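Novice: My file is work16.tsv. It has TSV, C-alpha atoms:
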```tsv
chain	number	residue	atom	x	y	z
A	22	MET	CA	-10.94	-13.32	-0.60
A	23	ASN	CA	-7.17	-13.95	-0.16
A	24	GLU	CA	-5.36	-16.23	-2.54
A	25	ILE	CA	-4.69	-18.45	0.42
A	26	ASP	CA	-8.45	-18.95	0.70
A	27	VAL	CA	-8.86	-20.16	-2.89
A	28	ILE	CA	-9.26	-23.95	-2.99
A	29	ASP	CA	-8.19	-25.96	-6.00
A	30	ARG	CA	-10.75	-28.66	-6.80
A	31	ASN	CA	-7.91	-30.88	-7.96
A	32	ASP	CA	-6.14	-30.61	-4.60
A	33	PRO	CA	-5.76	-34.22	-3.30
A	34	GLU	CA	-6.71	-33.16	0.22
A	35	TYR	CA	-9.89	-31.47	-1.03
A	36	THR	CA	-10.68	-34.54	-3.17
A	37	ALA	CA	-10.26	-36.72	-0.08
A	38	LEU	CA	-12.56	-34.38	1.88
A	39	LEU	CA	-15.18	-34.54	-0.86
A	40	ASP	CA	-14.98	-38.35	-0.96
A	41	ASN	CA	-15.27	-38.62	2.82
A	42	VAL	CA	-18.32	-36.35	2.91
A	43	GLY	CA	-19.88	-38.23	0.00
A	44	ASN	CA	-19.28	-41.57	1.72
A	45	ALA	CA	-20.85	-40.22	4.91
A	46	ILE	CA	-23.93	-39.07	2.97
A	47	GLU	CA	-24.31	-42.44	1.22
A	48	ALA	CA	-23.85	-44.30	4.50
A	49	GLY	CA	-26.42	-42.05	6.14
A	50	LYS	CA	-28.88	-42.70	3.32
A	51	GLY	CA	-28.32	-46.42	3.70
A	52	LYS	CA	-28.92	-46.28	7.45
A	53	ALA	CA	-32.04	-44.18	6.91
A	54	VAL	CA	-33.43	-46.67	4.39
A	55	ALA	CA	-32.62	-49.58	6.71
A	56	ALA	CA	-34.31	-47.79	9.63
A	57	ILE	CA	-37.40	-47.06	7.52
A	58	ASN	CA	-37.58	-50.67	6.32
A	59	SER	CA	-37.20	-51.97	9.86
A	60	ALA	CA	-39.90	-49.60	11.15
A	61	MET	CA	-42.21	-50.63	8.30
A	62	VAL	CA	-41.87	-54.34	9.10
A	63	GLU	CA	-42.47	-53.66	12.81
A	64	THR	CA	-45.53	-51.52	12.04
A	65	TYR	CA	-47.02	-54.11	9.70
A	66	TRP	CA	-46.37	-56.89	12.23
A	67	GLN	CA	-48.19	-54.82	14.87
A	68	ILE	CA	-51.14	-54.26	12.50
A	69	GLY	CA	-51.30	-58.02	12.00
A	70	GLN	CA	-51.29	-58.49	15.77
A	71	TYR	CA	-54.21	-56.07	16.21
A	72	ILE	CA	-56.22	-57.88	13.52
A	73	VAL	CA	-55.65	-61.31	15.09
A	74	GLU	CA	-56.51	-60.00	18.57
A	75	PHE	CA	-59.69	-58.48	17.12
A	76	GLU	CA	-60.63	-61.90	15.72
A	77	GLN	CA	-59.83	-63.66	18.98
A	78	HIS	CA	-62.36	-61.50	20.79
A	79	GLY	CA	-65.13	-63.29	18.93
A	80	HIS	CA	-65.19	-61.29	15.73
A	81	GLU	CA	-64.97	-62.65	12.21
A	82	ASN	CA	-62.16	-65.06	11.29
A	83	ALA	CA	-60.24	-63.02	8.72
A	84	GLU	CA	-59.71	-65.46	5.88
A	85	TYR	CA	-59.74	-64.73	2.14
A	86	GLY	CA	-63.33	-63.53	1.94
A	87	SER	CA	-63.23	-61.60	5.20
A	88	ASN	CA	-65.34	-58.46	5.40
A	89	THR	CA	-63.07	-57.25	8.20
A	90	LEU	CA	-60.04	-57.14	5.94
A	91	LYS	CA	-62.00	-55.56	3.10
A	92	MET	CA	-63.39	-52.81	5.35
A	93	LEU	CA	-60.04	-52.22	7.02
A	94	ALA	CA	-58.25	-51.99	3.67
A	95	ALA	CA	-60.81	-49.49	2.33
A	96	ASP	CA	-60.78	-47.29	5.46
A	97	LEU	CA	-56.99	-47.28	5.82
A	98	SER	CA	-56.58	-46.43	2.13
A	99	VAL	CA	-58.86	-43.41	2.58
A	100	ARG	CA	-56.93	-42.26	5.66
A	101	TYR	CA	-53.35	-43.07	4.62
A	102	GLY	CA	-53.32	-43.65	0.87
A	103	LYS	CA	-51.38	-46.41	-0.89
A	104	GLY	CA	-49.90	-49.41	0.86
A	105	PHE	CA	-53.06	-50.69	2.52
A	106	SER	CA	-54.67	-52.79	-0.19
A	107	TRP	CA	-56.58	-55.92	0.79
A	108	SER	CA	-53.66	-58.13	-0.23
A	109	ASN	CA	-51.20	-56.10	1.86
A	110	ILE	CA	-53.51	-56.19	4.89
A	111	TYR	CA	-53.83	-59.95	4.45
A	112	ARG	CA	-50.02	-60.29	4.38
A	113	MET	CA	-49.72	-58.22	7.58
A	114	ARG	CA	-52.03	-60.62	9.36
A	115	GLN	CA	-50.08	-63.53	7.89
A	116	LEU	CA	-46.79	-61.98	9.04
A	117	TYR	CA	-47.95	-61.92	12.64
A	118	LEU	CA	-49.31	-65.48	12.50
A	119	SER	CA	-46.04	-66.76	10.99
A	120	TYR	CA	-43.76	-64.80	13.35
A	121	GLU	CA	-45.72	-64.33	16.59
A	122	ASN	CA	-42.44	-63.63	18.37
A	123	PHE	CA	-41.34	-60.32	16.86
A	124	ALA	CA	-37.72	-61.02	17.82
A	125	THR	CA	-37.58	-63.75	15.17
A	126	LEU	CA	-38.00	-61.18	12.38
A	127	SER	CA	-34.71	-60.16	10.81
A	128	GLN	CA	-33.71	-56.48	10.73
A	129	LYS	CA	-31.85	-57.23	7.48
A	130	LEU	CA	-34.98	-58.07	5.50
A	131	ASN	CA	-37.54	-55.56	4.32
A	132	TRP	CA	-41.29	-55.85	3.82
A	133	SER	CA	-40.89	-56.88	0.17
A	134	HIS	CA	-38.71	-59.82	1.28
A	135	TYR	CA	-41.37	-60.96	3.73
A	136	VAL	CA	-44.15	-60.63	1.15
A	137	GLU	CA	-42.29	-63.21	-0.97
A	138	LEU	CA	-41.36	-65.44	1.97
A	139	LEU	CA	-44.96	-65.56	3.20
A	140	LYS	CA	-45.98	-67.17	-0.10
A	141	ILE	CA	-44.18	-70.32	1.09
A	142	GLU	CA	-46.46	-72.49	3.20
A	143	ASP	CA	-43.84	-75.02	4.34
A	144	THR	CA	-42.10	-73.57	7.41
A	145	ALA	CA	-38.84	-75.46	6.82
A	146	GLU	CA	-38.62	-74.24	3.23
A	147	ARG	CA	-39.44	-70.68	4.27
A	148	ALA	CA	-36.79	-70.80	7.00
A	149	PHE	CA	-34.20	-71.91	4.45
A	150	TYR	CA	-34.87	-69.02	2.07
A	151	GLU	CA	-34.95	-66.56	4.95
A	152	LYS	CA	-31.52	-67.69	6.17
A	153	GLU	CA	-30.08	-67.60	2.65
A	154	CYS	CA	-31.45	-64.08	2.11
A	155	ILE	CA	-29.67	-62.89	5.22
A	156	ALA	CA	-26.43	-64.80	4.69
A	157	GLU	CA	-26.06	-63.97	0.98
A	158	ASN	CA	-27.59	-60.48	1.13
A	159	TRP	CA	-30.15	-61.35	-1.55
A	160	GLY	CA	-32.33	-58.60	-2.88
A	161	VAL	CA	-35.98	-59.34	-3.60
A	162	ARG	CA	-35.18	-60.11	-7.24
A	163	GLU	CA	-32.61	-62.75	-6.27
A	164	LEU	CA	-34.98	-64.25	-3.72
A	165	LYS	CA	-37.79	-64.54	-6.27
A	166	ARG	CA	-35.48	-66.17	-8.79
A	167	GLN	CA	-34.24	-68.75	-6.27
A	168	MET	CA	-37.77	-69.52	-5.15
A	169	LYS	CA	-38.93	-69.99	-8.75
A	170	SER	CA	-35.96	-72.26	-9.46
A	171	MET	CA	-36.86	-74.28	-6.32
A	172	LEU	CA	-33.35	-74.12	-4.89
A	173	TYR	CA	-34.43	-75.68	-1.58
A	174	HIS	CA	-35.85	-78.78	-3.25
A	175	ARG	CA	-32.91	-79.18	-5.62
A	176	LEU	CA	-30.37	-78.97	-2.81
A	177	ALA	CA	-32.41	-81.35	-0.69
A	178	LEU	CA	-32.62	-83.93	-3.47
A	179	SER	CA	-28.86	-83.71	-3.94
A	180	GLY	CA	-28.20	-84.69	-0.33
A	181	ASP	CA	-29.85	-86.92	2.25
A	182	LYS	CA	-32.63	-86.55	4.81
A	183	SER	CA	-30.36	-85.21	7.53
A	184	GLU	CA	-29.22	-82.53	5.09
A	185	VAL	CA	-32.83	-81.43	4.57
A	186	LEU	CA	-33.14	-80.74	8.29
A	187	ARG	CA	-29.86	-78.84	8.26
A	188	LEU	CA	-30.96	-76.78	5.25
A	189	SER	CA	-33.99	-75.46	7.10
A	190	ARG	CA	-32.01	-74.92	10.31
A	191	GLU	CA	-28.79	-73.40	8.99
A	192	GLY	CA	-29.25	-72.62	5.28
A	193	GLN	CA	-26.74	-73.92	2.73
A	194	VAL	CA	-23.49	-74.76	4.52
A	195	ILE	CA	-20.40	-75.48	2.39
A	196	GLU	CA	-18.14	-77.94	4.17
A	197	LYS	CA	-17.27	-80.50	1.50
A	198	PRO	CA	-17.27	-80.66	-2.32
A	199	GLU	CA	-20.65	-82.43	-2.44
A	200	ASP	CA	-22.26	-79.39	-0.80
A	201	ILE	CA	-21.86	-77.25	-3.93
A	202	ILE	CA	-23.65	-79.68	-6.26
A	203	LYS	CA	-27.26	-79.19	-7.37
A	204	GLU	CA	-29.54	-81.47	-9.35
A	205	PRO	CA	-30.42	-80.01	-11.76
A	206	TYR	CA	-28.76	-76.64	-12.43
A	207	VAL	CA	-31.31	-74.18	-13.82
A	208	LEU	CA	-29.95	-71.88	-16.54
A	209	GLU	CA	-33.11	-70.17	-17.78
A	210	PHE	CA	-31.34	-66.78	-17.79
A	211	THR	CA	-29.15	-67.73	-20.79
A	212	GLY	CA	-31.87	-67.00	-23.34
A	213	LEU	CA	-30.99	-70.22	-25.19
A	214	PRO	CA	-34.49	-71.76	-24.94
A	215	ASN	CA	-35.51	-69.26	-27.64
A	216	LEU	CA	-32.97	-70.70	-30.09
A	217	PRO	CA	-33.94	-73.72	-32.24
A	218	VAL	CA	-30.36	-75.04	-32.12
A	219	TYR	CA	-27.37	-74.07	-29.97
A	220	LYS	CA	-23.81	-75.33	-29.53
A	221	GLU	CA	-21.65	-75.84	-26.46
A	222	GLY	CA	-19.85	-72.59	-27.29
A	223	ASP	CA	-23.19	-70.75	-27.25
A	224	LEU	CA	-23.97	-72.11	-23.80
A	225	GLU	CA	-20.50	-71.21	-22.53
A	226	GLU	CA	-20.72	-67.68	-23.91
A	227	ALA	CA	-24.22	-67.18	-22.48
A	228	LEU	CA	-23.01	-68.23	-19.02
A	229	VAL	CA	-20.00	-65.89	-19.14
A	230	ASN	CA	-22.18	-63.02	-20.38
A	231	ASN	CA	-24.53	-63.57	-17.45
A	232	LEU	CA	-21.96	-64.23	-14.74
A	233	SER	CA	-23.88	-62.49	-11.96
A	234	GLN	CA	-26.89	-64.74	-12.56
A	235	PHE	CA	-24.69	-67.79	-13.06
A	236	PHE	CA	-22.98	-67.10	-9.71
A	237	LEU	CA	-26.41	-66.95	-8.11
A	238	GLU	CA	-27.15	-70.39	-9.54
A	239	LEU	CA	-23.74	-71.86	-8.70
A	240	GLY	CA	-24.10	-70.76	-5.08
A	241	LYS	CA	-21.87	-69.21	-2.46
A	242	GLY	CA	-18.09	-69.10	-2.63
A	243	PHE	CA	-17.38	-69.06	-6.38
A	244	THR	CA	-15.03	-66.62	-8.11
A	245	TYR	CA	-14.46	-66.60	-11.87
A	246	VAL	CA	-11.02	-67.50	-13.25
A	247	GLY	CA	-11.67	-67.78	-16.99
A	248	ARG	CA	-13.03	-69.69	-19.96
A	249	GLN	CA	-11.24	-72.01	-22.39
A	250	GLN	CA	-8.31	-72.27	-20.00
A	251	LYS	CA	-5.34	-73.83	-21.83
A	252	ILE	CA	-3.49	-76.92	-20.74
A	253	VAL	CA	-0.36	-77.67	-22.80
A	254	ILE	CA	1.20	-81.13	-22.43
A	255	ALA	CA	3.80	-82.63	-24.77
A	256	GLY	CA	3.08	-80.01	-27.42
A	257	ARG	CA	-0.68	-80.63	-27.41
A	258	THR	CA	-3.18	-78.04	-26.22
A	259	TYR	CA	-6.33	-78.87	-24.28
A	260	LYS	CA	-8.94	-76.43	-23.02
A	261	VAL	CA	-11.18	-76.44	-19.95
A	262	ASP	CA	-14.53	-74.82	-20.70
A	263	LEU	CA	-14.87	-72.80	-17.46
A	264	VAL	CA	-12.62	-72.49	-14.41
A	265	PHE	CA	-13.63	-71.06	-11.05
A	266	TYR	CA	-12.00	-70.87	-7.64
A	267	HIS	CA	-14.02	-71.69	-4.55
A	268	ARG	CA	-12.92	-69.42	-1.72
A	269	ILE	CA	-14.61	-71.50	1.02
A	270	LEU	CA	-13.26	-74.91	-0.06
A	271	LYS	CA	-10.03	-73.24	-1.30
A	272	CYS	CA	-9.84	-75.11	-4.57
A	273	PHE	CA	-10.19	-74.79	-8.32
A	274	VAL	CA	-13.53	-75.89	-9.79
A	275	LEU	CA	-13.35	-77.04	-13.42
A	276	VAL	CA	-16.61	-77.08	-15.39
A	277	ASP	CA	-17.09	-78.98	-18.64
A	278	LEU	CA	-20.28	-78.30	-20.64
A	279	LYS	CA	-22.11	-80.88	-22.77
A	280	ILE	CA	-25.25	-79.94	-24.70
A	281	GLY	CA	-26.32	-83.58	-25.02
A	282	GLU	CA	-25.74	-86.73	-23.00
A	283	VAL	CA	-22.66	-87.01	-20.81
A	284	GLN	CA	-20.51	-89.88	-22.16
A	285	HIS	CA	-18.12	-92.14	-20.27
A	286	GLU	CA	-15.14	-90.63	-22.16
A	287	ASP	CA	-16.08	-87.21	-20.73
A	288	ILE	CA	-15.27	-88.62	-17.29
A	289	GLY	CA	-11.77	-89.61	-18.41
A	290	GLN	CA	-11.18	-86.18	-19.95
A	291	MET	CA	-12.22	-84.35	-16.77
A	292	ASN	CA	-10.12	-86.70	-14.64
A	293	PHE	CA	-7.15	-85.81	-16.87
A	294	TYR	CA	-7.80	-82.08	-16.30
A	295	LEU	CA	-8.05	-82.60	-12.54
A	296	ASN	CA	-4.77	-84.48	-12.39
A	297	TYR	CA	-3.07	-81.64	-14.27
A	298	TYR	CA	-4.50	-78.92	-12.02
A	299	LYS	CA	-3.60	-80.90	-8.91
A	300	GLN	CA	0.00	-81.33	-10.09
A	301	GLU	CA	0.68	-78.09	-11.96
A	302	MET	CA	-1.75	-75.38	-10.87
A	303	ASN	CA	-2.29	-75.96	-7.18
A	304	THR	CA	-0.15	-73.92	-4.80
A	305	GLU	CA	0.43	-74.19	-1.07
A	306	GLY	CA	-2.86	-73.99	0.79
A	307	ASP	CA	-5.01	-75.15	-2.15
A	308	SER	CA	-7.26	-78.18	-1.70
A	309	GLU	CA	-7.67	-80.76	-4.43
A	310	PRO	CA	-9.58	-79.41	-7.46
A	311	ILE	CA	-13.19	-80.30	-8.16
A	312	GLY	CA	-14.52	-81.32	-11.56
A	313	LEU	CA	-18.14	-80.74	-12.57
A	314	ILE	CA	-19.54	-82.00	-15.87
A	315	LEU	CA	-22.84	-80.39	-16.80
A	316	GLY	CA	-24.91	-82.16	-19.41
A	317	ALA	CA	-28.47	-82.04	-20.67
A	318	TYR	CA	-28.94	-85.62	-19.51
A	319	GLN	CA	-27.03	-88.71	-18.41
A	320	ASP	CA	-27.42	-92.44	-18.07
A	321	LYS	CA	-27.07	-93.14	-14.35
A	322	LEU	CA	-25.79	-96.69	-14.87
A	323	VAL	CA	-23.14	-95.60	-17.39
A	324	MET	CA	-22.04	-92.84	-15.01
A	325	GLN	CA	-21.84	-95.31	-12.13
A	326	TYR	CA	-19.37	-97.47	-14.01
A	327	ALA	CA	-17.46	-94.48	-15.44
A	328	LEU	CA	-16.97	-92.90	-12.02
A	329	GLN	CA	-16.05	-96.15	-10.28
A	330	ASN	CA	-12.54	-96.06	-8.74
A	331	ILE	CA	-12.08	-92.38	-9.69
A	332	THR	CA	-10.19	-90.88	-6.74
A	333	ASN	CA	-10.51	-87.27	-7.84
A	334	GLN	CA	-13.46	-85.12	-6.76
A	335	LEU	CA	-15.50	-85.44	-9.92
A	336	PHE	CA	-19.26	-84.91	-10.23
A	337	VAL	CA	-21.81	-85.14	-13.02
A	338	SER	CA	-25.00	-83.14	-12.90
A	339	ARG	CA	-27.81	-82.17	-15.22
A	340	TYR	CA	-28.69	-78.68	-16.39
A	341	GLN	CA	-31.93	-77.40	-17.85
A	342	LEU	CA	-32.75	-74.16	-19.66
A	343	TYR	CA	-36.17	-73.69	-18.07
A	344	LEU	CA	-37.55	-73.44	-14.56
A	345	PRO	CA	-38.42	-76.77	-12.89
A	346	ASP	CA	-41.97	-78.03	-12.85
A	347	ARG	CA	-43.04	-77.32	-9.27
A	348	GLU	CA	-45.54	-80.15	-8.91
A	349	GLN	CA	-43.16	-82.75	-10.33
A	350	LEU	CA	-40.23	-81.64	-8.17
A	351	GLU	CA	-42.37	-81.44	-5.03
A	352	ALA	CA	-43.70	-84.96	-5.71
A	353	GLU	CA	-40.13	-86.22	-6.11
A	354	PHE	CA	-39.18	-84.44	-2.87
A	355	ARG	CA	-42.09	-86.07	-0.99
A	356	ARG	CA	-41.06	-89.52	-2.26
A	357	PHE	CA	-37.49	-88.79	-1.18
A	358	MET	CA	-38.62	-87.83	2.32
A	359	SER	CA	-40.95	-90.80	2.73
A	360	ASP	CA	-38.52	-93.50	1.53
A	361	GLU	CA	-37.16	-95.88	4.12
A	362	GLU	CA	-33.61	-95.14	5.25
```
Take the structure I supplied and represent it as C-alpha cells, if you would.

Specialist:
Amino acid sequence: MNEIDVIDRNDPEYTALLDNVGNAIEAGKGKAVAAINSAMVETYWQIGQYIVEFEQHGHENAEYGSNTLKMLAADLSVRYGKGFSWSNIYRMRQLYLSYENFATLSQKLNWSHYVELLKIEDTAERAFYEKECIAENWGVRELKRQMKSMLYHRLALSGDKSEVLRLSREGQVIEKPEDIIKEPYVLEFTGLPNLPVYKEGDLEEALVNNLSQFFLELGKGFTYVGRQQKIVIAGRTYKVDLVFYHRILKCFVLVDLKIGEVQHEDIGQMNFYLNYYKQEMNTEGDSEPIGLILGAYQDKLVMQYALQNITNQLFVSRYQLYLPDREQLEAEFRRFMSDEE
C-alpha cells in the first residue's frame, strides 16, 4: 500500500466522512423503526377489523368474556409466539372500533401509544392526548405520566367551556398568558412527599434537578433561564426563585414558590419583580413578563382582593406533590360542564 493510500483517522475530512456515514445509519435505523411501528399498527387495526366483521356475521359478540378472543389469542400465540395475548387481541378489536377510518390513525404514534390511548373512554379526552402526543413528540412514558396527572381535566378546569371543546379539537394552544396556567400543578416527581418536612429551597432544588419532568408539567414553550435570579435596586438585592423564557409568547416567566398559603404580600412582591423585568430586562421584541406564584393552597377571596387593579400578568395557582384523585377531579369537571353559562 502506498503512503498516499494511508488514511489518518484524525484527518478532518475522514472524521466528516465517518460522521456522515454514522448519521445516515442512525437515520436509516430511525426510518426502519418508524416503518415497523407503522406496519404493526396497520396490521393490528386489520386484525381488529376481521374480528368485528366475524362478529357481524352472527357470531359471538367479543366482549370481555368472549370465547372467540380467548381461542384466537391461544391459536395465534401457538402460530406466531408473543404479542397475541388475550389483552392485546382485545385492544386490536378496540382499535378498529375506535378508529374505523384507518386514515385517522397517526403514523407518528406506535402501538404502545395506542394501547394507552385506548384506555380512555371519553373520545374528546382521548383526542386531546392523541394530538398532544403528536405535537409534543411524547414517548409512551410521557403520555402515561400526563394521563395519570389528568392534564386534560386540569387544563379544562383552568379555562371555560369553549376551551374544553378546543382542547379536544386542537390540543393545547398557547395564544395568551392564561393558556399556560394549570390548576393544580402536579409535582409528584420531586420526591418530596417522602420527606416529613421540606422548605421552599428543597422544592426549588427538586424542580431544578428534575427539569425535564418539570418542563413536561409546565407545558410547551418553556426554556430555563436560572434560579435565584438577582435583582439589585438601590443597593438591596432581591431574588426570583425561578425564571423561564416562553418562546411562543416571547416573554419572561417568573415563578415564586410558597410551601404554605399564598399571602397578599406575595402578590406585591411578584408585581415588583414584574415591573423590574419589564423595565430593565425586556429587550426589543419581548412581550410583557408573566408572574406565577405557586403555593400549596390559597384563599380565593384574599387573592381576589390582592390581584384587584394589578395591571401586570400575574397568576396564582396551586401545586400538589401527589397525583390528583381521579374520581374527585372528574366529578369537579362534570359539575363545571353542567353549570349554567

Novice: From the set A:Arg166, A:Lys197, A:Lys129, A:Arg248, which residue has the shortest atom-to-atom contact distance to Phe210 of chain A, counting all atoms listed in the file?

Specialist: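 Using all atoms listed in the file, Phe210 of chain A sits closest to A:Arg166.
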
Novice: Can you list, as a ChimeraX atom specification, every protein, DNA or RNA residue that comes within 10 Å of segment 287-301 of chain A when you count only C-alpha atoms, leaving out same-chain residues fewer than 4 positions away?

Specialist: /A:252-254,259-261,272-279,282-283,307-314,324,327-328,331-337

Novice: Between A:His285, A:Leu342, A:Ser87, A:Leu116, which one has atoms that come closest to Gln325 of chain A, using only C-alpha atoms?

Specialist: A:His285

Novice: Of the residues A:Lys241, A:Arg175, A:Arg187, A:Arg112, which is the one nearest to Phe149 of chain A, using all atoms listed in the file?

Specialist: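 Checking each candidate against Phe149 of chain A, we get A:Arg187 as the closest.
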
Novice: Do you know which residues are at most 12 Å from Asp346 of chain A counting all atoms listed in the file, after dropping those on the same chain fewer than 6 positions away, and could you put them as a short mmCIF file (atom, residue, chain, number, x, y, z; two decimals) with C-alpha atoms, keeping the file's coordinate frame?

Specialist:
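around_34.cif, written as the output of this step:
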```cif
data_model
loop_
_atom_site.label_atom_id
_atom_site.label_comp_id
_atom_site.auth_asym_id
_atom_site.auth_seq_id
_atom_site.Cartn_x
_atom_site.Cartn_y
_atom_site.Cartn_z
CA LYS A 169 -38.93 -69.99 -8.75
CA SER A 170 -35.96 -72.26 -9.46
CA MET A 171 -36.86 -74.28 -6.32
CA HIS A 174 -35.85 -78.78 -3.25
CA ARG A 175 -32.91 -79.18 -5.62
CA PRO A 205 -30.42 -80.01 -11.76
CA VAL A 207 -31.31 -74.18 -13.82
CA ALA A 352 -43.70 -84.96 -5.71
CA GLU A 353 -40.13 -86.22 -6.11
#
```

Novice: Determine the nearest neighbour of Arg355 of chain A from the options A:Arg339, A:Lys203, A:Lys182, A:Lys165, counting only C-alpha atoms.

Specialist: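 With only C-alpha atoms as the atom set, the closest residue is A:Lys182.
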
Novice: Gly180 of chain A: which residues within 10 Å, counting only C-alpha atoms, same-chain residues fewer than 3 positions away excluded, as a list in words?

Specialist: Arg175, Leu176, Ala177, Ser183, Glu184, Val185, Glu199, Asp200, Ile202, Lys203 and Glu204 of chain A

Novice: Using all atoms listed in the file, determine which residues lie at most 7 Å from Ile280 of chain A, disregarding the query and same-chain residues fewer than 4 positions distant; provide the list as an MDAnalysis selection string.

Specialist: chainID A and resid 220:221 316:317

Novice: What is the distance, in Å and to one decimal place, between atom CA of Ala56 of chain A and atom CA of Ala95 of chain A?

Specialist: 27.5 Å

Novice: What does the distance between atom CA of Asn303 of chain A and atom CA of Phe243 of chain A come to in Å, to one decimal place?

Specialist: 16.6 Å

Novice: Distance atom CA of Met302 of chain A-atom CA of Pro198 of chain A, one decimal place?

Specialist: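 Computing it gives 18.5 Å between the two atoms.
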
Novice: Calculated over only C-alpha atoms, which of the candidates A:Leu178, A:Ile110, A:Ala156, A:Leu138 has the smallest distance to Phe357 of chain A?

Specialist: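 Nearest candidate to Phe357 of chain A out of A:Leu178, A:Ile110, A:Ala156, A:Leu138: A:Leu178.
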
Novice: Using all atoms listed in the file, find the one residue out of A:Leu322, A:Val99, A:Ala145, A:Leu130 that sits nearest to Val54 of chain A.

Specialist: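 The shortest atom-to-atom distance to Val54 of chain A comes from A:Leu130.
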
Novice: Can you pull out the residues contacting Ile72 of chain A? Cut-off 9 Å, using only C-alpha atoms, and skip same-chain residues under 5 positions away; I want them as a PyMOL selection string.

Specialist: chain A and resi 67+77+83+89-90+113-114

Novice: Box for segment 111-119 of chain A - axis-aligned, 5 Å on each of the six sides, all listed atoms - centre and size in Å to one decimal, as lines of an AutoDock Vina configuration file.

Specialist:
```
center_x = -49.9
center_y = -62.5
center_z = 8.5
size_x = 17.8
size_y = 18.5
size_z = 18.3
```
